[in-house]
Amino acid sequence: MPTILDPDALERITYLTGSASIVPGLSSTPARVPFDDGVVDFLNEVSRELMRDRAAKAYPDLITFGFWIRKSSVRKLKERFKVDDGALRLGRGLVFHVAPSNVPVNFAYSLAAGLLSGNANVVRVPSRDFPQVEILADVFRKVLADHEEMKPYVLLLRYGRDKDINDWFSSIADVRIVWGGDRTIAELRKSELPPRSGEITFADRYSLAVIDSDSYLAIGDKAKVAEDFYNDTLSFDQNACTSPRIIVWTGKQIERAKKIFWEKEHELAAKKYAFQAIQSVDKLTKSYLIAAVEPGVKIEARPDNRIVRVTVPKITNYLMDYRGSGGYFYEYNCEDILEIRELCGDKRCQTIAYIGDGKAVLPLIRTGIKGIDRVVPMGKTMDFDLIWDGYNLPALLSRAIVLA
């Protein structure tokens with residue numbers, strides 16, 4: 001039985017789309033087939049509105065999302081995730097999404113995954129006042145005005161840490177998706193799910209970059225590489241789980257490549273990065289802590305504190321316990337990719353961004369490590385996909401009905 005919803009709880013919710021009147025009937029909203037034509041048309045309209053929106057054009061992450069949900073892109077996804085096993089597929093029903101607070105557009109990708117898999121969706125958006133959230137909410141409201149039938153499928157909410165509200169939405173959810181890390185997951189798990197309901201969690205993760213020095217030096221447009229690295233790291237203060245925190249250098253020209261790479265990155269950061277003094281203290285603290293537990297580390301010379309680099313003599317299993325953000329990087333000179341097996345064998349290890357040949361990490365993966373879910377080119381770590389953190393979202397958000 002669903003938890004009894006306190007009427008006062010509805011008053012503690014801010015509705016970015018929809019209203020309190022929709023909430024009581026959410027659990028009876030019909031599931032749809034994955035990649036339903038009506039859903040695809042709806043998302044395509046959202047895409048068109050985003051592309052026309054003047055405010056949206058100031059935010060590359062909004063435009064990227066707009067391209068991702070346009071009809072031509074979704075058709076490719078539909079073909080890619082097509083399953084020919086004779087079963088009929090429907091969405092699981094109602095998906096309750098809890099979005100992370102540090103990535104403004106993540107909630108929209110999570111919503112789109114739920115919609116494309118055939119589900120109604122309740123999405124708790126970030127509590128921080130990101131302009132991107134407000135722009136997206138405006139666009140969704142505008143498109144929903146012409147798609148009344150979609151209103152129960154797209155409910156965007158904002159509320160504080162409120163267990164009563166979490167209890168209610170969890171009690172009627174067929175799937176709960178929790179982004180935002182270990183603490184958020186622990187908090188949400190205090191709210192029980194029905195026995196037949198599932199949960200997908202995106203816990204605290206870390207990522208790294210593997211740069212082949214010879215391949216880097218052969219690249220003509222090194223300013224583009226600097227921009228790609230910036231987008232993967234400093235554009236989100238290096239707080240995204242996909243942001244590399246360790247740079248593993250390979251190849252025969254490591255020192256020469258390092259010099260050019262970091263010079264380009266410092267130049268770009270000086271122009272674009274909003275640096276705050278407190279970040280200098282945080283980086284200094286982290287570098288002293290790692291120096292105290294790991295003899296032989298070296299804090300590299302730098303023109304300012306926008307980017308702080310710490311070279312480590314070996315990769316240890318506790319290195320990421322001392323990870324920093326806002327432009328704080330560990331570096332390691334690697335002769336054999338298996339040297340980083342201990343680090344990548346940790347379940348917290350998520351993405352490897354690479355310059356060179358991505359297949360160079362295959363010997364590492366084939367050792368049977370429990371970490372690494374993604375290996376992508378530099379500049380692509382933030383690109384969302386329906387397979388994320390090793391989860392096939394269309395498969396997990398739908399059910400197969402066998403017709404014998």
# chains A, B, ... in the order shown; residues from 1 in each chain; ligands from 1
$ residues_around --residues "Thr201 in chain A" --least-positions-apart "2" --cutoff "12 Å" --atoms "only C-alpha atoms" --output "JSON, numbers by chain"
{"A": [96, 97, 98, 99, 100, 110, 175, 176, 177, 178, 179, 180, 181, 182, 183, 184, 185, 186, 188, 189, 198, 199, 203, 204, 205, 388, 389, 390, 391, 393, 396]}
$ residues_around --residues "Asn333 in chain A" --least-positions-apart "3" --cutoff "9 Å" --atoms "only C-alpha atoms" --output "PyMOL selection string"
chain A and resi 247-251+254+311-314
$ select_by_dssp --residues "range 94-296 of chain A" --states "alpha helix (DSSP H)" --output "ChimeraX atom specification"
/A:106-116,131-144,163-172,182-188,213-217,222-232,254-272,277-293
$ closest_residue --among "A:His147, A:Arg306, A:Lys190, A:Lys163" --to "Tyr273 in chain A" --atoms "only C-alpha atoms"
A:Arg306
$ residues_around --residues "Tyr332 in chain A" --least-positions-apart "2" --cutoff "12 Å" --atoms "only C-alpha atoms" --output "compact mmCIF listing (two decimals) with C-alpha atoms, in the first residue's frame"
# COMPACT_ATOMS: atom_id res chain seq x y z
CA LEU A 208 40.95 9.68 -14.89
CA ALA A 209 42.63 10.54 -18.16
CA VAL A 210 45.20 8.48 -20.06
CA ILE A 211 47.26 10.64 -22.41
CA ARG A 245 41.30 13.79 -11.37
CA ILE A 246 44.38 11.77 -12.29
CA ILE A 247 46.37 12.22 -15.48
CA VAL A 248 48.22 9.07 -16.49
CA TRP A 249 50.94 9.82 -19.04
CA THR A 250 52.26 7.18 -21.43
CA ILE A 254 56.09 12.62 -21.58
CA GLU A 255 57.96 15.66 -20.20
CA LYS A 258 53.36 17.83 -20.23
CA VAL A 297 55.24 13.19 -4.21
CA LYS A 298 56.17 16.40 -5.99
CA ARG A 309 49.53 19.42 -10.16
CA VAL A 310 50.94 16.79 -7.85
CA THR A 311 53.17 14.10 -9.36
CA VAL A 312 52.98 10.77 -7.54
CA PRO A 313 55.68 8.08 -7.72
CA LYS A 314 53.13 5.24 -7.77
CA ILE A 315 49.41 4.62 -8.01
CA THR A 316 47.92 3.50 -4.71
CA LEU A 319 45.01 8.01 -3.73
CA PHE A 329 45.30 16.98 -10.48
CA TYR A 330 47.49 14.02 -9.69
CA CYS A 334 53.18 5.11 -16.69
CA GLU A 335 55.29 2.50 -18.52
CA ASP A 336 52.72 -0.31 -18.45
CA ILE A 337 48.97 0.29 -18.34
CA GLU A 339 50.38 -0.34 -13.29
CA ILE A 340 47.05 1.42 -12.65
